[in-house]
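K.L.:
Just one file: target01.pdb, with PDB, C-alpha atoms.
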```pdb
ATOM      1  CA  MET A  24      40.985 -19.112  34.934
ATOM      2  CA  GLY A  25      39.383 -19.408  31.518
ATOM      3  CA  PRO A  26      35.665 -19.531  30.751
ATOM      4  CA  VAL A  27      33.731 -22.538  32.019
ATOM      5  CA  SER A  28      31.794 -24.487  29.422
ATOM      6  CA  TRP A  29      28.342 -25.931  29.944
ATOM      7  CA  LYS A  30      28.049 -29.542  31.061
ATOM      8  CA  ASN A  31      25.299 -31.632  29.494
ATOM      9  CA  ALA A  32      22.425 -32.625  31.763
ATOM     10  CA  SER A  33      18.946 -34.104  31.646
ATOM     11  CA  THR A  34      15.934 -33.334  33.834
ATOM     12  CA  LEU A  35      12.539 -34.972  34.320
ATOM     13  CA  ILE A  36       9.463 -32.986  35.325
ATOM     14  CA  VAL A  37       7.236 -35.529  37.066
ATOM     15  CA  LEU A  38       3.539 -34.589  37.147
ATOM     16  CA  ALA A  39       1.156 -36.935  38.974
ATOM     17  CA  ARG A  40      -2.608 -36.946  39.039
ATOM     18  CA  ASN A  41      -3.957 -35.680  42.358
ATOM     19  CA  ARG A  42      -7.281 -37.414  42.928
ATOM     20  CA  LEU A  43      -8.476 -34.884  45.493
ATOM     21  CA  SER A  44     -11.232 -32.570  44.285
ATOM     22  CA  GLN A  45     -10.041 -29.441  42.547
ATOM     23  CA  ALA A  46     -10.183 -26.403  44.796
ATOM     24  CA  VAL A  47     -11.634 -23.115  43.611
ATOM     25  CA  ILE A  48      -9.691 -19.890  44.117
ATOM     26  CA  ASN A  49     -10.799 -16.308  43.632
ATOM     27  CA  ASN A  50      -8.717 -13.400  42.468
ATOM     28  CA  LYS A  51      -8.541 -10.151  44.455
ATOM     29  CA  ASN A  52     -11.768  -8.774  43.043
ATOM     30  CA  ASN A  53     -13.678 -11.992  43.682
ATOM     31  CA  ASP A  54     -15.031 -11.851  40.181
ATOM     32  CA  VAL A  55     -13.043 -14.680  38.586
ATOM     33  CA  GLN A  56     -12.987 -18.287  39.678
ATOM     34  CA  LYS A  57     -10.253 -20.712  38.653
ATOM     35  CA  LEU A  58      -9.835 -24.414  39.290
ATOM     36  CA  LEU A  59      -6.473 -25.483  40.620
ATOM     37  CA  PRO A  60      -4.794 -28.113  38.423
ATOM     38  CA  ASP A  61      -5.835 -31.671  39.247
ATOM     39  CA  TYR A  62      -2.202 -32.801  39.315
ATOM     40  CA  SER A  63       0.885 -32.247  41.461
ATOM     41  CA  CYS A  64       4.521 -31.710  40.540
ATOM     42  CA  MET A  65       7.487 -33.389  42.228
ATOM     43  CA  LEU A  66       9.965 -30.836  43.577
ATOM     44  CA  LEU A  67      13.195 -31.770  45.363
ATOM     45  CA  LYS A  68      15.041 -29.480  47.761
ATOM     46  CA  ARG A  69      18.771 -29.390  47.186
ATOM     47  CA  SER A  70      21.110 -29.514  50.172
ATOM     48  CA  SER A  71      22.407 -26.286  51.702
ATOM     49  CA  GLN A  72      25.880 -27.690  50.976
ATOM     50  CA  SER A  73      25.213 -28.064  47.265
ATOM     51  CA  LYS A  74      27.554 -26.145  44.970
ATOM     52  CA  PHE A  75      24.757 -25.570  42.469
ATOM     53  CA  PHE A  76      21.466 -23.923  43.478
ATOM     54  CA  ALA A  77      21.843 -24.708  47.185
ATOM     55  CA  ASN A  78      18.469 -24.862  49.021
ATOM     56  CA  ALA A  79      16.553 -24.501  45.756
ATOM     57  CA  PHE A  80      13.550 -26.653  44.911
ATOM     58  CA  VAL A  81      14.233 -28.310  41.573
ATOM     59  CA  PHE A  82      13.025 -31.096  39.303
ATOM     60  CA  PRO A  83      14.869 -34.444  39.440
ATOM     61  CA  GLY A  84      17.848 -34.680  37.129
ATOM     62  CA  GLY A  85      21.565 -34.170  36.741
ATOM     63  CA  ALA A  86      24.594 -34.511  34.507
ATOM     64  CA  THR A  87      24.581 -37.073  31.741
ATOM     65  CA  GLU A  88      26.990 -40.006  31.804
ATOM     66  CA  VAL A  89      28.773 -41.858  29.013
ATOM     67  CA  ALA A  90      26.878 -44.994  30.079
ATOM     68  CA  ASP A  91      23.579 -43.340  29.093
ATOM     69  CA  PHE A  92      24.700 -43.351  25.454
ATOM     70  CA  SER A  93      26.256 -46.807  25.337
ATOM     71  CA  PRO A  94      25.574 -48.813  22.116
ATOM     72  CA  SER A  95      24.571 -51.631  24.488
ATOM     73  CA  TRP A  96      21.322 -49.783  25.145
ATOM     74  CA  LEU A  97      20.328 -49.998  21.481
ATOM     75  CA  GLU A  98      21.212 -53.695  21.544
ATOM     76  CA  HIS A  99      19.016 -54.136  24.623
ATOM     77  CA  PHE A 100      16.048 -52.430  22.961
ATOM     78  CA  ASP A 101      16.646 -54.390  19.764
ATOM     79  CA  GLU A 102      16.519 -57.680  21.678
ATOM     80  CA  HIS A 103      13.042 -56.734  22.871
ATOM     81  CA  GLY A 104      11.514 -55.691  19.568
ATOM     82  CA  PHE A 105      12.640 -52.080  19.182
ATOM     83  CA  ASN A 106      15.394 -51.756  16.620
ATOM     84  CA  ARG A 107      17.235 -48.559  15.788
ATOM     85  CA  GLU A 108      14.899 -47.600  12.947
ATOM     86  CA  LYS A 109      11.799 -48.088  15.089
ATOM     87  CA  LEU A 110      13.200 -46.010  17.952
ATOM     88  CA  ALA A 111      14.293 -43.247  15.581
ATOM     89  CA  SER A 112      10.838 -43.109  13.991
ATOM     90  CA  GLN A 113       9.239 -42.700  17.415
ATOM     91  CA  PHE A 114      11.576 -40.190  19.051
ATOM     92  CA  VAL A 115      13.456 -38.207  16.385
ATOM     93  CA  VAL A 116      11.189 -35.270  15.583
ATOM     94  CA  SER A 117      13.397 -33.739  12.895
ATOM     95  CA  GLN A 118      16.836 -34.306  11.428
ATOM     96  CA  GLN A 119      17.192 -30.545  10.898
ATOM     97  CA  ASP A 120      17.013 -27.681  13.363
ATOM     98  CA  LYS A 121      18.054 -29.828  16.323
ATOM     99  CA  VAL A 122      19.250 -28.149  19.490
ATOM    100  CA  PRO A 123      23.090 -28.255  19.734
ATOM    101  CA  LEU A 124      22.784 -30.501  22.778
ATOM    102  CA  TYR A 125      21.688 -33.412  20.584
ATOM    103  CA  ALA A 126      24.895 -33.148  18.549
ATOM    104  CA  ASP A 127      27.085 -33.188  21.659
ATOM    105  CA  ILE A 128      27.055 -36.862  22.618
ATOM    106  CA  PRO A 129      29.874 -39.217  23.656
ATOM    107  CA  ASN A 130      28.976 -41.910  21.101
ATOM    108  CA  SER A 131      28.007 -41.131  17.534
ATOM    109  CA  ASP A 132      26.306 -44.525  17.167
ATOM    110  CA  CYS A 133      23.605 -43.732  19.708
ATOM    111  CA  ILE A 134      20.318 -41.902  19.184
ATOM    112  CA  PRO A 135      20.547 -38.637  21.192
ATOM    113  CA  GLU A 136      16.799 -38.526  21.837
ATOM    114  CA  VAL A 137      17.082 -41.974  23.428
ATOM    115  CA  GLY A 138      20.281 -41.317  25.399
ATOM    116  CA  TYR A 139      19.033 -38.119  27.036
ATOM    117  CA  ARG A 140      15.789 -39.825  28.029
ATOM    118  CA  ILE A 141      17.737 -42.696  29.586
ATOM    119  CA  SER A 142      19.807 -40.127  31.479
ATOM    120  CA  ALA A 143      16.684 -38.400  32.843
ATOM    121  CA  ILE A 144      15.195 -41.730  33.956
ATOM    122  CA  ARG A 145      18.450 -42.869  35.573
ATOM    123  CA  GLU A 146      18.973 -39.583  37.430
ATOM    124  CA  THR A 147      15.387 -39.588  38.671
ATOM    125  CA  PHE A 148      15.816 -43.113  40.023
ATOM    126  CA  GLU A 149      19.097 -42.196  41.734
ATOM    127  CA  GLU A 150      17.577 -39.157  43.449
ATOM    128  CA  THR A 151      14.077 -40.425  44.257
ATOM    129  CA  GLY A 152      13.970 -44.202  43.942
ATOM    130  CA  VAL A 153      11.150 -43.861  41.396
ATOM    131  CA  LEU A 154      11.896 -46.183  38.476
ATOM    132  CA  PHE A 155      10.330 -45.242  35.149
ATOM    133  CA  CYS A 156      10.732 -48.587  33.399
ATOM    134  CA  LYS A 157       8.315 -51.026  31.862
ATOM    135  CA  PRO A 158       8.506 -54.802  31.422
ATOM    136  CA  ALA A 159       9.780 -56.117  28.112
ATOM    137  CA  GLN A 160       6.534 -57.716  26.970
ATOM    138  CA  ILE A 161       8.269 -59.992  24.500
ATOM    139  CA  HIS A 162       9.371 -62.092  27.474
ATOM    140  CA  GLY A 163       6.154 -61.757  29.431
ATOM    141  CA  GLN A 164       8.154 -60.600  32.421
ATOM    142  CA  SER A 165       7.039 -58.093  35.031
ATOM    143  CA  ASN A 166       8.985 -55.737  37.267
ATOM    144  CA  SER A 167       6.842 -56.946  40.183
ATOM    145  CA  ILE A 168       9.704 -59.283  41.095
ATOM    146  CA  LEU A 169      11.666 -56.198  42.104
ATOM    147  CA  LYS A 170      11.053 -55.864  45.829
ATOM    148  CA  ALA A 171      11.393 -52.641  47.792
ATOM    149  CA  ASP A 172      14.672 -53.772  49.315
ATOM    150  CA  ASP A 173      15.967 -54.627  45.846
ATOM    151  CA  LEU A 174      15.103 -51.150  44.564
ATOM    152  CA  ILE A 175      16.923 -49.505  47.473
ATOM    153  CA  GLU A 176      20.028 -51.554  46.754
ATOM    154  CA  TRP A 177      19.913 -50.824  43.020
ATOM    155  CA  GLN A 178      19.365 -47.141  43.709
ATOM    156  CA  LYS A 179      22.640 -47.082  45.648
ATOM    157  CA  ARG A 180      24.487 -49.141  43.068
ATOM    158  CA  ILE A 181      23.438 -46.954  40.146
ATOM    159  CA  HIS A 182      24.280 -43.815  42.105
ATOM    160  CA  HIS A 183      27.864 -45.065  42.439
ATOM    161  CA  ASN A 184      28.090 -46.520  38.935
ATOM    162  CA  PRO A 185      25.713 -45.421  36.126
ATOM    163  CA  GLU A 186      26.580 -48.535  34.122
ATOM    164  CA  GLU A 187      24.582 -50.531  36.661
ATOM    165  CA  PHE A 188      21.330 -49.150  35.193
ATOM    166  CA  LEU A 189      21.695 -51.278  32.071
ATOM    167  CA  ILE A 190      22.603 -54.283  34.236
ATOM    168  CA  LEU A 191      19.391 -53.751  36.241
ATOM    169  CA  CYS A 192      17.276 -53.591  33.085
ATOM    170  CA  LYS A 193      18.871 -56.705  31.616
ATOM    171  CA  LYS A 194      18.518 -58.679  34.841
ATOM    172  CA  TYR A 195      14.816 -57.945  35.281
ATOM    173  CA  PHE A 196      13.831 -57.713  31.586
ATOM    174  CA  LEU A 197      12.980 -54.026  31.816
ATOM    175  CA  LEU A 198      13.026 -51.202  29.290
ATOM    176  CA  PRO A 199      13.502 -47.561  30.318
ATOM    177  CA  ASP A 200      10.074 -46.101  29.586
ATOM    178  CA  LEU A 201      11.173 -43.666  26.901
ATOM    179  CA  TRP A 202       7.590 -43.494  25.660
ATOM    180  CA  SER A 203       6.375 -41.787  28.845
ATOM    181  CA  LEU A 204       8.812 -38.885  28.462
ATOM    182  CA  TYR A 205       7.763 -35.893  26.375
ATOM    183  CA  GLU A 206      10.447 -33.572  25.057
ATOM    184  CA  TRP A 207       9.740 -30.194  26.637
ATOM    185  CA  SER A 208      12.532 -27.567  26.726
ATOM    186  CA  ASN A 209      16.284 -26.903  26.729
ATOM    187  CA  TRP A 210      17.870 -24.485  29.216
ATOM    188  CA  LEU A 211      21.366 -23.038  29.565
ATOM    189  CA  THR A 212      22.599 -21.808  32.951
ATOM    190  CA  PRO A 213      23.367 -18.045  32.683
ATOM    191  CA  THR A 214      27.023 -17.222  32.117
ATOM    192  CA  ASN A 215      27.357 -15.265  35.374
ATOM    193  CA  MET A 216      25.990 -17.969  37.684
ATOM    194  CA  GLY A 217      29.334 -19.268  38.931
ATOM    195  CA  PRO A 218      31.683 -22.114  38.024
ATOM    196  CA  LYS A 219      28.994 -24.769  37.446
ATOM    197  CA  ARG A 220      26.820 -24.359  34.382
ATOM    198  CA  TYR A 221      24.625 -26.821  32.547
ATOM    199  CA  ASP A 222      23.036 -27.306  29.140
ATOM    200  CA  THR A 223      19.933 -29.211  30.237
ATOM    201  CA  MET A 224      17.249 -31.084  28.355
ATOM    202  CA  PHE A 225      13.883 -31.029  30.142
ATOM    203  CA  TYR A 226      11.371 -33.848  29.702
ATOM    204  CA  VAL A 227       7.851 -34.207  31.095
ATOM    205  CA  CYS A 228       6.313 -37.404  32.452
ATOM    206  CA  VAL A 229       2.621 -37.519  33.400
ATOM    207  CA  ILE A 230       1.541 -40.379  35.686
ATOM    208  CA  ASP A 231      -1.734 -41.418  37.304
ATOM    209  CA  ASN A 232      -0.634 -41.720  40.930
ATOM    210  CA  ILE A 233       1.845 -40.062  43.270
ATOM    211  CA  PRO A 234       4.618 -42.660  43.771
ATOM    212  CA  ASP A 235       6.610 -43.475  46.897
ATOM    213  CA  VAL A 236       9.830 -41.484  46.992
ATOM    214  CA  ARG A 237      13.127 -42.394  48.675
ATOM    215  CA  ILE A 238      15.759 -39.673  49.045
ATOM    216  CA  ASP A 239      19.212 -39.948  50.606
ATOM    217  CA  GLY A 240      18.777 -36.928  52.909
ATOM    218  CA  LYS A 241      22.183 -35.632  51.834
ATOM    219  CA  GLU A 242      22.130 -34.257  48.295
ATOM    220  CA  ILE A 243      18.324 -34.040  48.434
ATOM    221  CA  THR A 244      16.799 -33.105  51.788
ATOM    222  CA  GLN A 245      13.058 -32.769  51.098
ATOM    223  CA  VAL A 246      10.357 -33.820  48.636
ATOM    224  CA  LEU A 247       7.425 -31.521  47.893
ATOM    225  CA  TRP A 248       4.338 -32.524  45.898
ATOM    226  CA  THR A 249       2.244 -29.508  45.007
ATOM    227  CA  ASP A 250       0.214 -28.181  42.114
ATOM    228  CA  PRO A 251       1.939 -25.566  39.921
ATOM    229  CA  TYR A 252      -0.125 -22.635  41.205
ATOM    230  CA  ASN A 253       0.672 -23.290  44.871
ATOM    231  CA  ALA A 254       4.351 -23.882  44.091
ATOM    232  CA  ILE A 255       4.509 -20.429  42.510
ATOM    233  CA  LEU A 256       2.597 -18.931  45.437
ATOM    234  CA  LYS A 257       5.015 -20.486  47.960
ATOM    235  CA  HIS A 258       7.915 -19.015  45.979
ATOM    236  CA  VAL A 259       6.378 -15.533  45.825
ATOM    237  CA  GLN A 260       5.636 -15.619  49.568
ATOM    238  CA  GLY A 261       9.201 -16.703  50.345
ATOM    239  CA  HIS A 262       8.375 -20.151  51.736
ATOM    240  CA  ILE A 263      10.430 -21.922  49.055
ATOM    241  CA  TRP A 264      12.913 -20.808  46.426
ATOM    242  CA  LEU A 265      12.555 -21.868  42.795
ATOM    243  CA  ALA A 266      15.343 -21.479  40.267
ATOM    244  CA  PRO A 267      14.318 -19.570  37.090
ATOM    245  CA  PRO A 268      13.708 -22.630  34.859
ATOM    246  CA  GLN A 269      11.523 -24.245  37.516
ATOM    247  CA  LEU A 270       9.545 -21.047  38.083
ATOM    248  CA  TYR A 271       9.132 -20.500  34.359
ATOM    249  CA  GLU A 272       8.021 -24.047  33.623
ATOM    250  CA  LEU A 273       5.592 -24.147  36.551
ATOM    251  CA  CYS A 274       3.994 -20.975  35.214
ATOM    252  CA  ARG A 275       3.510 -22.727  31.893
ATOM    253  CA  PHE A 276       1.936 -25.759  33.551
ATOM    254  CA  ALA A 277      -0.346 -23.576  35.671
ATOM    255  CA  GLN A 278      -2.228 -22.666  32.496
ATOM    256  CA  ILE A 279      -3.384 -26.283  32.100
ATOM    257  CA  ASP A 280      -5.997 -27.493  34.590
ATOM    258  CA  THR A 281      -6.345 -31.211  33.961
ATOM    259  CA  VAL A 282      -4.118 -34.232  33.490
ATOM    260  CA  GLU A 283      -5.928 -35.188  30.298
ATOM    261  CA  ASP A 284      -5.414 -31.752  28.739
ATOM    262  CA  LEU A 285      -1.799 -31.844  29.888
ATOM    263  CA  LYS A 286      -1.133 -35.146  28.109
ATOM    264  CA  ILE A 287      -2.726 -33.873  24.905
ATOM    265  CA  PHE A 288      -0.722 -30.654  25.011
ATOM    266  CA  CYS A 289       2.621 -32.387  25.772
ATOM    267  CA  LYS A 290       2.167 -34.836  22.927
ATOM    268  CA  SER A 291       1.252 -32.086  20.479
ATOM    269  CA  ARG A 292       3.955 -29.683  21.644
ATOM    270  CA  GLN A 293       6.672 -32.326  21.293
ATOM    271  CA  GLN A 294       6.110 -32.509  17.547
ATOM    272  CA  LYS A 295       7.087 -28.849  17.162
ATOM    273  CA  GLY A 296      10.655 -29.320  18.391
ATOM    274  CA  ILE A 297      12.394 -27.041  20.889
ATOM    275  CA  GLU A 298      14.787 -24.105  21.079
ATOM    276  CA  ARG A 299      17.684 -23.635  23.464
ATOM    277  CA  TRP A 300      17.075 -20.840  25.981
ATOM    278  CA  LEU A 301      19.683 -18.743  27.791
ATOM    279  CA  PRO A 302      18.300 -16.459  30.553
ATOM    280  CA  ILE A 303      20.015 -13.073  30.825
ATOM    281  CA  ARG A 304      20.727 -12.061  34.412
ATOM    282  CA  SER A 305      21.893  -8.702  35.766
ATOM    283  CA  GLN A 306      22.177  -7.010  39.156
ATOM    284  CA  SER A 307      21.048  -3.562  40.227
ATOM    285  CA  GLU A 308      20.480  -1.716  43.497
ATOM    286  CA  GLU A 309      16.947  -3.088  43.661
ATOM    287  CA  GLY A 310      17.933  -6.721  43.238
ATOM    288  CA  TYR A 311      18.468  -9.112  40.362
ATOM    289  CA  THR A 312      16.740  -9.045  37.013
ATOM    290  CA  THR A 313      16.381 -12.201  34.950
ATOM    291  CA  ILE A 314      15.222 -11.780  31.370
ATOM    292  CA  LEU A 315      13.420 -14.871  30.139
ATOM    293  CA  PRO A 316      12.017 -15.951  26.764
ATOM    294  CA  GLY A 317       8.509 -15.628  25.425
ATOM    295  CA  LYS A 318       5.575 -14.149  27.312
ATOM    296  CA  PHE A 319       6.826 -14.990  30.783
ATOM    297  CA  SER A 320       5.456 -11.810  32.331
ATOM    298  CA  GLU A 321       1.943 -12.677  31.138
ATOM    299  CA  LEU A 322       2.256 -16.138  32.654
ATOM    300  CA  LEU A 323       3.255 -14.736  36.019
ATOM    301  CA  LEU A 324       0.548 -12.131  36.007
ATOM    302  CA  THR A 325      -1.965 -14.867  35.353
ATOM    303  CA  CYS A 326      -0.623 -16.996  38.190
ATOM    304  CA  HIS A 327      -0.149 -14.342  40.837
ATOM    305  CA  GLY A 328      -1.035 -10.673  40.629
ATOM    306  CA  ASN A 329       1.362  -9.453  43.341
ATOM    307  CA  ILE A 330       4.705 -10.163  41.670
ATOM    308  CA  THR A 331       6.337  -7.230  39.887
ATOM    309  CA  VAL A 332       6.968  -7.991  36.220
ATOM    310  CA  TRP A 333       7.593  -6.028  33.091
ATOM    311  CA  ARG A 334       8.277  -7.069  29.521
ATOM    312  CA  ASN A 335       9.776 -10.563  29.694
ATOM    313  CA  SER A 336      11.659 -10.166  32.945
ATOM    314  CA  VAL A 337      11.087 -10.732  36.631
ATOM    315  CA  ARG A 338      12.429  -8.604  39.461
ATOM    316  CA  THR A 339      12.685  -9.812  43.033
ATOM    317  CA  GLY A 340      14.652  -8.798  46.091
ATOM    318  CA  GLU A 341      16.719 -11.967  46.020
ATOM    319  CA  SER A 342      19.048 -13.623  43.582
ATOM    320  CA  PHE A 343      17.760 -16.019  40.965
TER     321      PHE A 343
END
```
Please rewrite the model in this file as structure tokens.

P.N.:
Amino acid sequence: MGPVSWKNASTLIVLARNRLSQAVINNKNNDVQKLLPDYSCMLLKRSSQSKFFANAFVFPGGATEVADFSPSWLEHFDEHGFNREKLASQFVVSQQDKVPLYADIPNSDCIPEVGYRISAIRETFEETGVLFCKPAQIHGQSNSILKADDLIEWQKRIHHNPEEFLILCKKYFLLPDLWSLYEWSNWLTPTNMGPKRYDTMFYVCVIDNIPDVRIDGKEITQVLWTDPYNAILKHVQGHIWLAPPQLYELCRFAQIDTVEDLKIFCKSRQQKGIERWLPIRSQSEEGYTTILPGKFSELLLTCHGNITVWRNSVRTGESF
């Protein structure tokens, strides 16, 4: 069997304001106090039967579909006051130095930055029932006419046929809320991780309230809302298992304490563009080593002093 290529995917990191008071934690020496972030992250547990990261806690998302890049989406936005030029001015950061993922699209007429956002929103709705859309104000319509039972039915329909997402938006005069998604990172699955590998665009969405979530109990078996610090702590203590991109990104978020600071940072960071990252993974007698980009070891040391790190790699007794 020849080498397996990466399949394009899109992921949404959903961060919701947690209105409970921030707790104060002390480090081992009781000489430093730190506020826990005032927001929680949505993590979904994959089924034990999953062929990709079984039992792992992940962000919502999945493989892109041709329907996400249909020219009909640009027509839909155009009908509601957002033509191609306006969308490009809002979401295309640079025409140069784009990640290769943005050049690998099924329709050259689409705007990649729009199509991958639509994919992330669609996948999140399929997996969680949370619909990141906004009413097309030009018609004065509201998505309040969508009842809970309607959403459940549409969630099933879109899961079976991605083209139904555009039909939903047309029927209820909705626009996928591209504006709420910040471009964040681009990850490649390591080459030695098995037959399924993905080239995934990660987006961040920051919302004011924790929404109701509906999972199917089959592909996704559990929903966990927790702040980044406690998610990392649960992973280190063995209560949950986080795949490397999730662990890495949660360590980044754990450096930001408030929703307001998070929004400012995401908006500013998006303007700098992104690079594509490929973790390097190897096995030894002591376990697996995953080499990750940037100052990952410093992030982990900040978040939890008990994990063993050196340079830009992480060593644990289990497989990443």

K.L.:
What are the centre and edge lengths in Å, to one decimal, of the axis-aligned box around all listed atoms of region 182-201 of chain A with 4 Å added on each side, as lines of an AutoDock Vina configuration file?

P.N.:
```
center_x = 19.1
center_y = -51.2
center_z = 34.7
size_x = 26.0
size_y = 23.0
size_z = 23.5
```

K.L.:
Restricting the calculation to all atoms listed in the file: of A:Ile314, A:Leu67, A:Val153, A:Leu197, which residue gets closest to Ile233 (chain A)?

P.N.:
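Closest candidate: A:Val153.
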
K.L.:
Let me make sure I understand: among A:Ile287, A:Leu315, A:Leu211, A:Ile175, which one has the smallest atom-to-atom distance to Asp239 (chain A) if we use all atoms listed in the file?

P.N.:
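Smallest separation from Asp239 (chain A) among the options: A:Ile175.
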
K.L.:
Could you tell me which of A:Ile190, A:Cys289, A:Ala32, A:Val81 comes closest to Arg69 (chain A) if we count all atoms listed in the file?

P.N.:
A:Val81

K.L.:
Carefully work through the PyMOL selection byres ((chain A and resi 122) around 9) for this structure and note down the residues it includes, as a ChimeraX atom specification.

P.N.:
/A:120-121,123-126,209,296-299

K.L.:
CA of Ala90 (chain A) and CA of Pro185 (chain A), how far apart in Å?

P.N.:
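Computed distance, CA of Pro185 (chain A) to CA of Ala90 (chain A), equals 6.2 Å.
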
K.L.:
Could you tell me how far CA of Asn232 (chain A) sits from CA of Pro199 (chain A), in Å to one decimal place?

P.N.:
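Between CA of Pro199 (chain A) and CA of Asn232 (chain A) the gap works out to 18.6 Å.
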
K.L.:
CA of Asp222 (chain A) to CA of Ser117 (chain A): how many Å, to one decimal?

P.N.:
20.0 Å

K.L.:
Calculated over only C-alpha atoms, which of the candidates A:Ala111, A:Ile144, A:Leu35, A:Cys228 has the smallest distance to Leu189 (chain A)?

P.N.:
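Counting only C-alpha atoms, the residue closest to Leu189 (chain A) is A:Ile144.
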
K.L.:
So that I can see what lies close to Asn31 (chain A), please list as a PyMOL selection string the residues with an atom at most 12 Å from it, counting only C-alpha atoms and leaving out residues fewer than 4 positions away in the same chain.

P.N.:
chain A and resi 84-89+91+123-129+135+138-139+142-143+209-212+219-225

K.L.:
Mind listing whatever residues come within 9 Å of the point (5.2, -26.7, 36.5)? Use all atoms listed in the file, file coordinates, and give them as a count of residues only.

P.N.:
18

K.L.:
Contacts of Val115 (chain A) at 9 Å or less, counting all atoms listed in the file, minus same-chain residues fewer than 5 places along, as an MDAnalysis selection string?

P.N.:
chainID A and resid 110 134:137

K.L.:
If you keep C-alpha atoms, can you produce a file of those selected residues as a PDB file, in the coordinates of the input?

P.N.:
```pdb
ATOM      1  CA  LEU A 110      13.200 -46.010  17.952  1.00  0.00           C
ATOM      2  CA  ILE A 134      20.318 -41.902  19.184  1.00  0.00           C
ATOM      3  CA  PRO A 135      20.547 -38.637  21.192  1.00  0.00           C
ATOM      4  CA  GLU A 136      16.799 -38.526  21.837  1.00  0.00           C
ATOM      5  CA  VAL A 137      17.082 -41.974  23.428  1.00  0.00           C
TER       6      VAL A 137
END
```

K.L.:
Can you tell me, as an MDAnalysis selection string, what residues are no more than 7 Å from region 93-96 of chain A when counting all atoms listed in the file, ignoring any on the same chain fewer than 4 positions away?

P.N.:
chainID A and resid 89 100 132:133

K.L.:
Write out, as an mmCIF file, keeping the file's coordinate frame, the residues just selected, with C-alpha atoms.

P.N.:
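Output file again-v7.cif follows:
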```
data_model
loop_
_atom_site.group_PDB
_atom_site.id
_atom_site.type_symbol
_atom_site.label_atom_id
_atom_site.label_comp_id
_atom_site.auth_asym_id
_atom_site.auth_seq_id
_atom_site.Cartn_x
_atom_site.Cartn_y
_atom_site.Cartn_z
ATOM 1 C CA VAL A 89 28.773 -41.858 29.013
ATOM 2 C CA PHE A 100 16.048 -52.430 22.961
ATOM 3 C CA ASP A 132 26.306 -44.525 17.167
ATOM 4 C CA CYS A 133 23.605 -43.732 19.708
#
```

K.L.:
Take the point (22.0, -23.6, 44.1) as written in the file and pick out every residue within 10 Å of it, counting only C-alpha atoms; give the list as a list of chain:residue names.

P.N.:
A:Lys68, A:Arg69, A:Ser70, A:Ser71, A:Gln72, A:Ser73, A:Lys74, A:Phe75, A:Phe76, A:Ala77, A:Asn78, A:Ala79, A:Phe80, A:Val81, A:Met216, A:Gly217, A:Lys219, A:Trp264, A:Leu265, A:Ala266, A:Phe343

K.L.:
Could you tell me which residues the PyMOL selection byres ((chain A and resi 230) around 12) returns for this structure, as a ChimeraX atom specification?

P.N.:
/A:36-42,61-65,153,155,200,203-204,227-229,231-234,282-283,285-286

K.L.:
For each of A:Lys179, A:His262, A:Lys295, A:Lys194, take the minimum atom-to-atom distance to Ile238 (chain A), counting all atoms listed in the file, then give the residue where this is smallest.

P.N.:
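Once distances to Ile238 (chain A) are computed over all atoms listed in the file, the minimum belongs to A:Lys179.
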
K.L.:
Identify, on the basis of only C-alpha atoms, every residue whose closest approach to Val236 (chain A) does not exceed 8 Å; exclude the query and any residue fewer than 6 positions from it along the same chain; express the result as a ChimeraX atom specification.

P.N.:
/A:151-153,246

K.L.:
A:Asn106, A:Ser33, A:Ser291, A:Thr249: which is nearest Ile141 (chain A), counting all atoms listed in the file?

P.N.:
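Closest candidate: A:Ser33.
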
K.L.:
How would region 243-249 of chain A look with N, CA, C and O atoms restored, written as a PDB file, in the coordinates of the input?

P.N.:
```pdb
ATOM      1  N   ILE A 243      19.726 -34.479  48.444  1.00  0.00           N
ATOM      2  CA  ILE A 243      18.324 -34.040  48.434  1.00  0.00           C
ATOM      3  C   ILE A 243      17.791 -34.178  49.841  1.00  0.00           C
ATOM      4  O   ILE A 243      17.878 -35.246  50.451  1.00  0.00           O
ATOM      5  N   THR A 244      17.210 -33.099  50.381  1.00  0.00           N
ATOM      6  CA  THR A 244      16.799 -33.105  51.788  1.00  0.00           C
ATOM      7  C   THR A 244      15.288 -33.101  51.984  1.00  0.00           C
ATOM      8  O   THR A 244      14.820 -33.317  53.098  1.00  0.00           O
ATOM      9  N   GLN A 245      14.512 -32.844  50.927  1.00  0.00           N
ATOM     10  CA  GLN A 245      13.058 -32.769  51.098  1.00  0.00           C
ATOM     11  C   GLN A 245      12.371 -33.009  49.761  1.00  0.00           C
ATOM     12  O   GLN A 245      12.895 -32.667  48.696  1.00  0.00           O
ATOM     13  N   VAL A 246      11.197 -33.628  49.818  1.00  0.00           N
ATOM     14  CA  VAL A 246      10.357 -33.820  48.636  1.00  0.00           C
ATOM     15  C   VAL A 246       9.062 -33.034  48.838  1.00  0.00           C
ATOM     16  O   VAL A 246       8.452 -33.102  49.903  1.00  0.00           O
ATOM     17  N   LEU A 247       8.664 -32.294  47.824  1.00  0.00           N
ATOM     18  CA  LEU A 247       7.425 -31.521  47.893  1.00  0.00           C
ATOM     19  C   LEU A 247       6.560 -31.865  46.686  1.00  0.00           C
ATOM     20  O   LEU A 247       6.998 -31.750  45.541  1.00  0.00           O
ATOM     21  N   TRP A 248       5.333 -32.326  46.953  1.00  0.00           N
ATOM     22  CA  TRP A 248       4.338 -32.524  45.898  1.00  0.00           C
ATOM     23  C   TRP A 248       3.323 -31.401  46.008  1.00  0.00           C
ATOM     24  O   TRP A 248       2.670 -31.245  47.031  1.00  0.00           O
ATOM     25  N   THR A 249       3.192 -30.611  44.981  1.00  0.00           N
ATOM     26  CA  THR A 249       2.244 -29.508  45.007  1.00  0.00           C
ATOM     27  C   THR A 249       1.831 -29.159  43.591  1.00  0.00           C
ATOM     28  O   THR A 249       2.562 -29.431  42.633  1.00  0.00           O
TER      29      THR A 249
END
```
